Amino acid sequence: MPVLTNIGQLATCPADNAQSDAGLIAGAALAFDEEKITWAGPQEELPADLLGEQAHDCEGRLVIPGLVDCHTHLCFGGWRGDEFAMRIEGRSYQDIAAAGGGIASTVKATRETSAEALRERAAGFLDAMLALGVTTVECKSGYGLNEEAELKQLQVYRDLAANHVVELVPTFLGAHIIPPEHRDDRKAYVDLLCETLIPRIAKEGLAEFCDAFVEDNAYTIEEGERILGTASAHGLGIKLHADQLSAGGGAQLAAKHGAVSAEHLEYIDDEGIAALAQAGTVAVSLPLASMYLNERYLPARKLMDAGVGVAVATDFNPGSSPSYHLPLAMLQACINQAMTPQETLMGATTIAARAVGRDNRIGSLVAGYQADIAIIDTPDINQWMYHFQANACHRVIKRGQWV
């Protein structure tokens, strides 16, 4: 039974703790057997039967649960660096989209890219994320926007899940934008989603969740109602892109449908916050998107004060957040969302796990949980967030195996 010893600070991140309490233990040890954590606590209290087990000296480093990136668009074709320059010159996200850029340009590139090429590229992203200490990744479709290409993205995720050490959580986001060929007949595309794609994806087990983008230039509340209702009827969990660019009632829609998470929420209003709190829906903050778009940040303090758990994720995608660096997103959450390092770490571990329906087995380092562990080359979480490095992750364990 492997034992990690000489841990400078252990963050256990229990699922039932307040977000402000990451369950910190100084001078700690941690034991795991096969895939599960068996013991965690002060090293001086290490049980006698563990003293002779194989030990790994952490040399005073920080040990945390494997990070959970609970909002990404992992599989896509092309990049959009030209739009980055356009936004700096004053063009808005909406302006670029109206001119045929934005998500529509990535849809074109993704449709034209083979499944094999998409799979190879996404696997490379996962390798780099794992090196940062990320052990679980939610991954959305939404760059196909027709039957063939949406299924292609989800099948890429199925193949990766079977062959990559990072645990994947696939989400169907066919309702990302209205595809260009359906702009004059929106109903026909919503019919395709509700009558063909959602039933097939649910039947074949290609996704665990269904997401939709309810916003100007995307889907209306009424369209979202139909899509989410259909997904629920077919047994898919619910997520929602909501209130990213305006307060349009997306948070209330997510709460109404019992969504596990509402994501973005930069423009959420007080009614939306109250609705999420009552429903127990996680708010997923995406500070890298706010940085890249030069938009406001999610009001994390108001949400947490109202009793809403706030997760932190990257929104990795080729347009509005072209970075998979979750520790950088965590730093942005500290600086721009007034979240403490402990709140931020909880947001990228157990609360992020809640946002993908896995907080009963990942995201915490307590007995019985999966042994997903990251060893960070820093003495404590305050120093880790404060002294940003390209990658402070020293070693990673996934399901009890050194990876």
# chains A, B, ... in the order shown; residues from 1 in each chain; ligands from 1
>>> select_by_dssp(residues="stretch 201-240 of chain A", states="alpha helix (DSSP H)", output="list in words")
Ile201, Ala202, Lys203, Glu204, Ile221, Glu222, Glu223, Gly224, Glu225, Arg226, Ile227, Leu228, Gly229, Thr230, Ala231, Ser232 and Ala233 of chain A
>>> write_last_selection(atoms="N, CA and C atoms", output="short mmCIF file (atom, residue, chain, number, x, y, z; two decimals), in the first residue's frame")
data_model
loop_
_atom_site.label_atom_id
_atom_site.label_comp_id
_atom_site.auth_asym_id
_atom_site.auth_seq_id
_atom_site.Cartn_x
_atom_site.Cartn_y
_atom_site.Cartn_z
N ILE A 201 -28.13 9.87 -29.22
CA ILE A 201 -26.96 10.02 -28.33
C ILE A 201 -27.24 9.38 -26.98
N ALA A 202 -28.45 9.58 -26.47
CA ALA A 202 -28.80 8.96 -25.19
C ALA A 202 -28.83 7.44 -25.31
N LYS A 203 -29.42 6.92 -26.37
CA LYS A 203 -29.53 5.48 -26.57
C LYS A 203 -28.15 4.84 -26.68
N GLU A 204 -27.22 5.50 -27.39
CA GLU A 204 -25.88 4.94 -27.61
C GLU A 204 -24.90 5.27 -26.49
N ILE A 221 -34.88 31.39 -24.85
CA ILE A 221 -35.37 30.67 -23.68
C ILE A 221 -36.35 29.57 -24.11
N GLU A 222 -37.21 29.88 -25.06
CA GLU A 222 -38.22 28.91 -25.49
C GLU A 222 -37.55 27.70 -26.16
N GLU A 223 -36.55 27.96 -27.00
CA GLU A 223 -35.83 26.86 -27.63
C GLU A 223 -35.07 26.04 -26.58
N GLY A 224 -34.48 26.75 -25.63
CA GLY A 224 -33.78 26.06 -24.55
C GLY A 224 -34.71 25.16 -23.75
N GLU A 225 -35.92 25.65 -23.48
CA GLU A 225 -36.91 24.85 -22.76
C GLU A 225 -37.15 23.51 -23.48
N ARG A 226 -37.34 23.57 -24.78
CA ARG A 226 -37.63 22.35 -25.52
C ARG A 226 -36.43 21.40 -25.52
N ILE A 227 -35.25 21.95 -25.75
CA ILE A 227 -34.04 21.12 -25.83
C ILE A 227 -33.75 20.45 -24.49
N LEU A 228 -33.77 21.23 -23.41
CA LEU A 228 -33.46 20.67 -22.10
C LEU A 228 -34.53 19.68 -21.65
N GLY A 229 -35.79 20.00 -21.94
CA GLY A 229 -36.86 19.08 -21.58
C GLY A 229 -36.72 17.75 -22.30
N THR A 230 -36.34 17.80 -23.58
CA THR A 230 -36.13 16.57 -24.35
C THR A 230 -34.97 15.78 -23.77
N ALA A 231 -33.88 16.47 -23.45
CA ALA A 231 -32.71 15.79 -22.89
C ALA A 231 -33.06 15.10 -21.57
N SER A 232 -33.77 15.80 -20.71
CA SER A 232 -34.17 15.20 -19.43
C SER A 232 -35.04 13.96 -19.64
N ALA A 233 -35.95 14.05 -20.60
CA ALA A 233 -36.84 12.93 -20.86
C ALA A 233 -36.08 11.70 -21.34
#
>>> residues_around(residues="stretch 346-358 of chain A", least_positions_apart="2", cutoff="9 Å", atoms="only C-alpha atoms", output="number ranges by chain")
A: 13-15, 18-22, 64-71, 136, 138, 169, 208-209, 237, 239, 260-262, 281-285, 309-313, 326-327, 330, 341-344, 360-364
>>> write_last_selection(atoms="C-alpha atoms", output="mmCIF file, in the first residue's frame")
data_model
loop_
_atom_site.group_PDB
_atom_site.id
_atom_site.type_symbol
_atom_site.label_atom_id
_atom_site.label_comp_id
_atom_site.auth_asym_id
_atom_site.auth_seq_id
_atom_site.Cartn_x
_atom_site.Cartn_y
_atom_site.Cartn_z
ATOM 1 C CA CYS A 13 -11.119 19.131 -0.044
ATOM 2 C CA PRO A 14 -14.004 17.169 1.547
ATOM 3 C CA ALA A 15 -17.233 17.326 -0.439
ATOM 4 C CA ALA A 18 -17.775 24.935 3.106
ATOM 5 C CA GLN A 19 -16.103 26.288 -0.035
ATOM 6 C CA SER A 20 -13.802 28.375 2.149
ATOM 7 C CA ASP A 21 -12.432 25.283 3.911
ATOM 8 C CA ALA A 22 -10.196 23.050 1.781
ATOM 9 C CA ILE A 64 -4.050 18.194 -3.669
ATOM 10 C CA PRO A 65 -6.785 16.159 -5.360
ATOM 11 C CA GLY A 66 -6.324 15.752 -9.098
ATOM 12 C CA LEU A 67 -7.823 18.864 -10.687
ATOM 13 C CA VAL A 68 -11.184 18.661 -12.454
ATOM 14 C CA ASP A 69 -11.707 20.885 -15.503
ATOM 15 C CA CYS A 70 -15.497 20.839 -15.646
ATOM 16 C CA HIS A 71 -16.014 22.961 -18.789
ATOM 17 C CA THR A 136 -10.712 14.680 -15.089
ATOM 18 C CA GLU A 138 -15.550 17.531 -19.119
ATOM 19 C CA VAL A 169 -17.081 13.432 -19.103
ATOM 20 C CA GLU A 208 -23.708 12.024 -20.000
ATOM 21 C CA PHE A 209 -25.011 15.590 -20.196
ATOM 22 C CA GLY A 237 -28.083 15.327 -17.197
ATOM 23 C CA LYS A 239 -25.943 21.831 -18.090
ATOM 24 C CA VAL A 260 -26.158 20.171 -12.356
ATOM 25 C CA SER A 261 -24.389 23.366 -13.449
ATOM 26 C CA ALA A 262 -24.966 26.757 -15.024
ATOM 27 C CA THR A 281 -27.012 24.159 -9.141
ATOM 28 C CA VAL A 282 -23.253 24.760 -9.347
ATOM 29 C CA ALA A 283 -22.103 28.035 -10.927
ATOM 30 C CA VAL A 284 -19.144 27.348 -13.222
ATOM 31 C CA SER A 285 -16.845 30.346 -13.545
ATOM 32 C CA GLY A 309 -21.012 26.544 -5.044
ATOM 33 C CA VAL A 310 -18.655 28.157 -7.555
ATOM 34 C CA ALA A 311 -16.502 25.894 -9.709
ATOM 35 C CA VAL A 312 -13.505 27.122 -11.705
ATOM 36 C CA ALA A 313 -12.824 25.809 -15.217
ATOM 37 C CA LEU A 326 -6.464 25.405 -15.241
ATOM 38 C CA PRO A 327 -3.989 26.754 -12.629
ATOM 39 C CA MET A 330 -7.527 29.532 -10.740
ATOM 40 C CA PRO A 341 -6.888 30.249 -2.716
ATOM 41 C CA GLN A 342 -8.861 27.725 -0.644
ATOM 42 C CA GLU A 343 -12.141 28.675 -2.325
ATOM 43 C CA THR A 344 -10.476 28.462 -5.711
ATOM 44 C CA ASN A 360 -19.072 11.199 -4.457
ATOM 45 C CA ARG A 361 -15.845 9.662 -5.784
ATOM 46 C CA ILE A 362 -13.391 12.282 -7.131
ATOM 47 C CA GLY A 363 -12.259 15.754 -6.123
ATOM 48 C CA SER A 364 -11.452 14.886 -2.489
#
>>> closest_residue(among="A:Val366, A:Ala109, A:Leu206, A:Ala289", to="A:Pro322", atoms="only C-alpha atoms")
A:Ala289
>>> residues_around(residues="A:Leu46", least_positions_apart="3", cutoff="12 Å", atoms="only C-alpha atoms", output="short mmCIF file (atom, residue, chain, number, x, y, z; two decimals) with C-alpha atoms, in the first residue's frame")
data_model
loop_
_atom_site.label_atom_id
_atom_site.label_comp_id
_atom_site.auth_asym_id
_atom_site.auth_seq_id
_atom_site.Cartn_x
_atom_site.Cartn_y
_atom_site.Cartn_z
CA VAL A 3 2.07 6.02 1.42
CA LEU A 4 2.90 9.64 0.63
CA THR A 5 4.91 11.08 3.51
CA ASN A 6 6.48 14.41 4.44
CA GLY A 27 2.83 17.85 8.05
CA ALA A 28 0.61 15.16 6.58
CA ALA A 29 0.66 11.67 5.13
CA LEU A 30 -1.68 9.96 2.69
CA ALA A 31 -2.17 6.25 1.94
CA THR A 38 -7.40 4.55 2.53
CA TRP A 39 -6.09 7.09 5.06
CA ALA A 40 -5.23 10.80 5.29
CA GLY A 41 -4.09 12.84 8.28
CA PRO A 42 -1.13 14.24 10.23
CA GLN A 43 1.95 12.11 9.67
CA ASP A 49 0.20 -0.93 10.12
CA LEU A 50 1.19 1.65 7.48
CA LEU A 51 4.66 2.38 8.85
CA GLY A 52 6.29 -0.42 6.93
CA GLU A 53 4.54 0.23 3.61
CA ALA A 55 6.73 5.35 1.14
#
>>> residues_around(residues="A:Leu132", least_positions_apart="5", cutoff="12 Å", atoms="only C-alpha atoms", output="JSON, numbers by chain")
{"A": [66, 67, 68, 69, 125, 126, 127, 166, 324, 325, 326, 327, 328, 373, 374, 375, 376, 377, 389, 390, 391, 392, 393, 394, 395, 396, 397, 403]}
>>> residues_around(residues="stretch 294-306 of chain A", least_positions_apart="6", cutoff="7 Å", atoms="only C-alpha atoms", output="MDAnalysis selection string")
chainID A and resid 264:266 273 277 285 287 336:339
>>> residues_around(residues="A:Arg87", least_positions_apart="2", cutoff="12 Å", atoms="only C-alpha atoms", output="ChimeraX atom specification")
/A:80-85,89-97,101-102,291-295,319-320
>>> write_last_selection(atoms="N, CA and C atoms", output="CSV table (one decimal), in the first residue's frame")
chain,number,residue,atom,x,y,z
A,80,ARG,N,-8.3,30.4,-34.1
A,80,ARG,CA,-8.9,31.7,-34.5
A,80,ARG,C,-8.0,32.9,-34.0
A,81,GLY,N,-6.7,32.8,-34.2
A,81,GLY,CA,-5.9,33.8,-33.7
A,81,GLY,C,-6.1,35.2,-34.4
A,82,ASP,N,-6.7,35.2,-35.6
A,82,ASP,CA,-7.0,36.4,-36.3
A,82,ASP,C,-8.1,37.2,-35.5
A,83,GLU,N,-9.0,36.4,-34.9
A,83,GLU,CA,-10.1,37.1,-34.1
A,83,GLU,C,-9.5,37.7,-32.9
A,84,PHE,N,-8.5,37.2,-32.3
A,84,PHE,CA,-7.8,37.7,-31.1
A,84,PHE,C,-7.4,39.2,-31.5
A,85,ALA,N,-6.7,39.3,-32.6
A,85,ALA,CA,-6.3,40.6,-33.0
A,85,ALA,C,-7.5,41.6,-33.3
A,89,GLU,N,-8.5,45.2,-31.6
A,89,GLU,CA,-8.7,46.4,-32.4
A,89,GLU,C,-10.1,47.0,-32.2
A,90,GLY,N,-11.0,46.4,-31.4
A,90,GLY,CA,-12.3,47.0,-31.0
A,90,GLY,C,-13.5,46.2,-31.5
A,91,ARG,N,-13.3,45.1,-32.3
A,91,ARG,CA,-14.5,44.4,-32.7
A,91,ARG,C,-15.0,43.5,-31.5
A,92,SER,N,-16.3,43.4,-31.4
A,92,SER,CA,-16.9,42.7,-30.3
A,92,SER,C,-17.0,41.2,-30.7
A,93,TYR,N,-17.2,40.3,-29.7
A,93,TYR,CA,-17.5,38.9,-29.9
A,93,TYR,C,-18.7,38.8,-30.9
A,94,GLN,N,-19.8,39.6,-30.6
A,94,GLN,CA,-21.0,39.5,-31.4
A,94,GLN,C,-20.7,40.0,-32.8
A,95,ASP,N,-19.9,41.1,-33.0
A,95,ASP,CA,-19.6,41.6,-34.3
A,95,ASP,C,-18.9,40.5,-35.1
A,96,ILE,N,-17.9,39.9,-34.5
A,96,ILE,CA,-17.2,38.9,-35.3
A,96,ILE,C,-18.1,37.7,-35.7
A,97,ALA,N,-19.0,37.3,-34.8
A,97,ALA,CA,-19.9,36.2,-35.1
A,97,ALA,C,-20.8,36.6,-36.2
A,101,GLY,N,-17.5,34.9,-38.5
A,101,GLY,CA,-16.4,34.3,-37.7
A,101,GLY,C,-16.9,33.6,-36.5
A,102,GLY,N,-16.1,33.6,-35.5
A,102,GLY,CA,-16.6,33.0,-34.2
A,102,GLY,C,-16.8,31.5,-34.3
A,291,MET,N,-11.1,37.1,-19.4
A,291,MET,CA,-9.8,37.7,-19.7
A,291,MET,C,-9.7,37.9,-21.2
A,292,TYR,N,-9.9,36.9,-22.0
A,292,TYR,CA,-9.7,36.9,-23.4
A,292,TYR,C,-10.7,37.9,-24.1
A,293,LEU,N,-11.9,37.9,-23.6
A,293,LEU,CA,-12.9,38.7,-24.2
A,293,LEU,C,-13.0,40.1,-23.6
A,294,ASN,N,-12.2,40.3,-22.6
A,294,ASN,CA,-12.2,41.6,-21.9
A,294,ASN,C,-13.7,41.9,-21.4
A,295,GLU,N,-14.3,40.9,-20.9
A,295,GLU,CA,-15.7,41.0,-20.4
A,295,GLU,C,-15.6,41.0,-18.8
A,319,GLY,N,-11.6,30.0,-29.6
A,319,GLY,CA,-12.0,31.4,-29.8
A,319,GLY,C,-11.9,32.2,-28.6
A,320,SER,N,-12.8,32.0,-27.6
A,320,SER,CA,-12.9,32.9,-26.5
A,320,SER,C,-12.0,32.5,-25.3
>>> select_by_dssp(residues="stretch 296-325 of chain A", states="strand (DSSP E or B)", output="PyMOL selection string")
chain A and resi 310-312+316
>>> closest_residue(among="A:Val190, A:Ile7, A:Leu286, A:Cys58", to="A:His241", atoms="only C-alpha atoms")
A:Leu286
>>> closest_residue(among="A:Leu145, A:Ala131, A:Leu276, A:Leu192", to="A:Val165", atoms="only C-alpha atoms")
A:Ala131
>>> decode(residues="stretch 343-355 of chain A", atoms="N, CA and C atoms", output="PDB file, in the first residue's frame")
ATOM      1  N   GLU A 343     -10.887  28.709  -1.570  1.00  0.00           N
ATOM      2  CA  GLU A 343     -12.141  28.675  -2.325  1.00  0.00           C
ATOM      3  C   GLU A 343     -11.896  28.266  -3.774  1.00  0.00           C
ATOM      4  N   THR A 344     -10.802  28.770  -4.324  1.00  0.00           N
ATOM      5  CA  THR A 344     -10.476  28.462  -5.711  1.00  0.00           C
ATOM      6  C   THR A 344     -10.104  26.992  -5.866  1.00  0.00           C
ATOM      7  N   LEU A 345      -9.308  26.473  -4.941  1.00  0.00           N
ATOM      8  CA  LEU A 345      -8.945  25.055  -5.016  1.00  0.00           C
ATOM      9  C   LEU A 345     -10.183  24.179  -4.872  1.00  0.00           C
ATOM     10  N   MET A 346     -11.060  24.496  -3.940  1.00  0.00           N
ATOM     11  CA  MET A 346     -12.305  23.738  -3.824  1.00  0.00           C
ATOM     12  C   MET A 346     -13.099  23.817  -5.130  1.00  0.00           C
ATOM     13  N   GLY A 347     -13.057  24.983  -5.769  1.00  0.00           N
ATOM     14  CA  GLY A 347     -13.784  25.166  -7.019  1.00  0.00           C
ATOM     15  C   GLY A 347     -13.241  24.363  -8.175  1.00  0.00           C
ATOM     16  N   ALA A 348     -11.968  23.987  -8.106  1.00  0.00           N
ATOM     17  CA  ALA A 348     -11.362  23.191  -9.181  1.00  0.00           C
ATOM     18  C   ALA A 348     -11.208  21.728  -8.797  1.00  0.00           C
ATOM     19  N   THR A 349     -11.773  21.339  -7.656  1.00  0.00           N
ATOM     20  CA  THR A 349     -11.701  19.941  -7.225  1.00  0.00           C
ATOM     21  C   THR A 349     -13.110  19.431  -6.889  1.00  0.00           C
ATOM     22  N   THR A 350     -13.504  19.485  -5.629  1.00  0.00           N
ATOM     23  CA  THR A 350     -14.759  18.834  -5.257  1.00  0.00           C
ATOM     24  C   THR A 350     -15.995  19.526  -5.830  1.00  0.00           C
ATOM     25  N   ILE A 351     -15.978  20.867  -5.942  1.00  0.00           N
ATOM     26  CA  ILE A 351     -17.153  21.547  -6.505  1.00  0.00           C
ATOM     27  C   ILE A 351     -17.199  21.335  -8.014  1.00  0.00           C
ATOM     28  N   ALA A 352     -16.040  21.323  -8.665  1.00  0.00           N
ATOM     29  CA  ALA A 352     -16.004  20.972 -10.082  1.00  0.00           C
ATOM     30  C   ALA A 352     -16.476  19.539 -10.291  1.00  0.00           C
ATOM     31  N   ALA A 353     -16.115  18.640  -9.366  1.00  0.00           N
ATOM     32  CA  ALA A 353     -16.600  17.265  -9.449  1.00  0.00           C
ATOM     33  C   ALA A 353     -18.121  17.214  -9.324  1.00  0.00           C
ATOM     34  N   ARG A 354     -18.681  18.073  -8.475  1.00  0.00           N
ATOM     35  CA  ARG A 354     -20.143  18.146  -8.353  1.00  0.00           C
ATOM     36  C   ARG A 354     -20.766  18.595  -9.667  1.00  0.00           C
ATOM     37  N   ALA A 355     -20.075  19.478 -10.386  1.00  0.00           N
ATOM     38  CA  ALA A 355     -20.592  19.990 -11.651  1.00  0.00           C
ATOM     39  C   ALA A 355     -20.565  18.952 -12.767  1.00  0.00           C
TER      40      ALA A 355
END
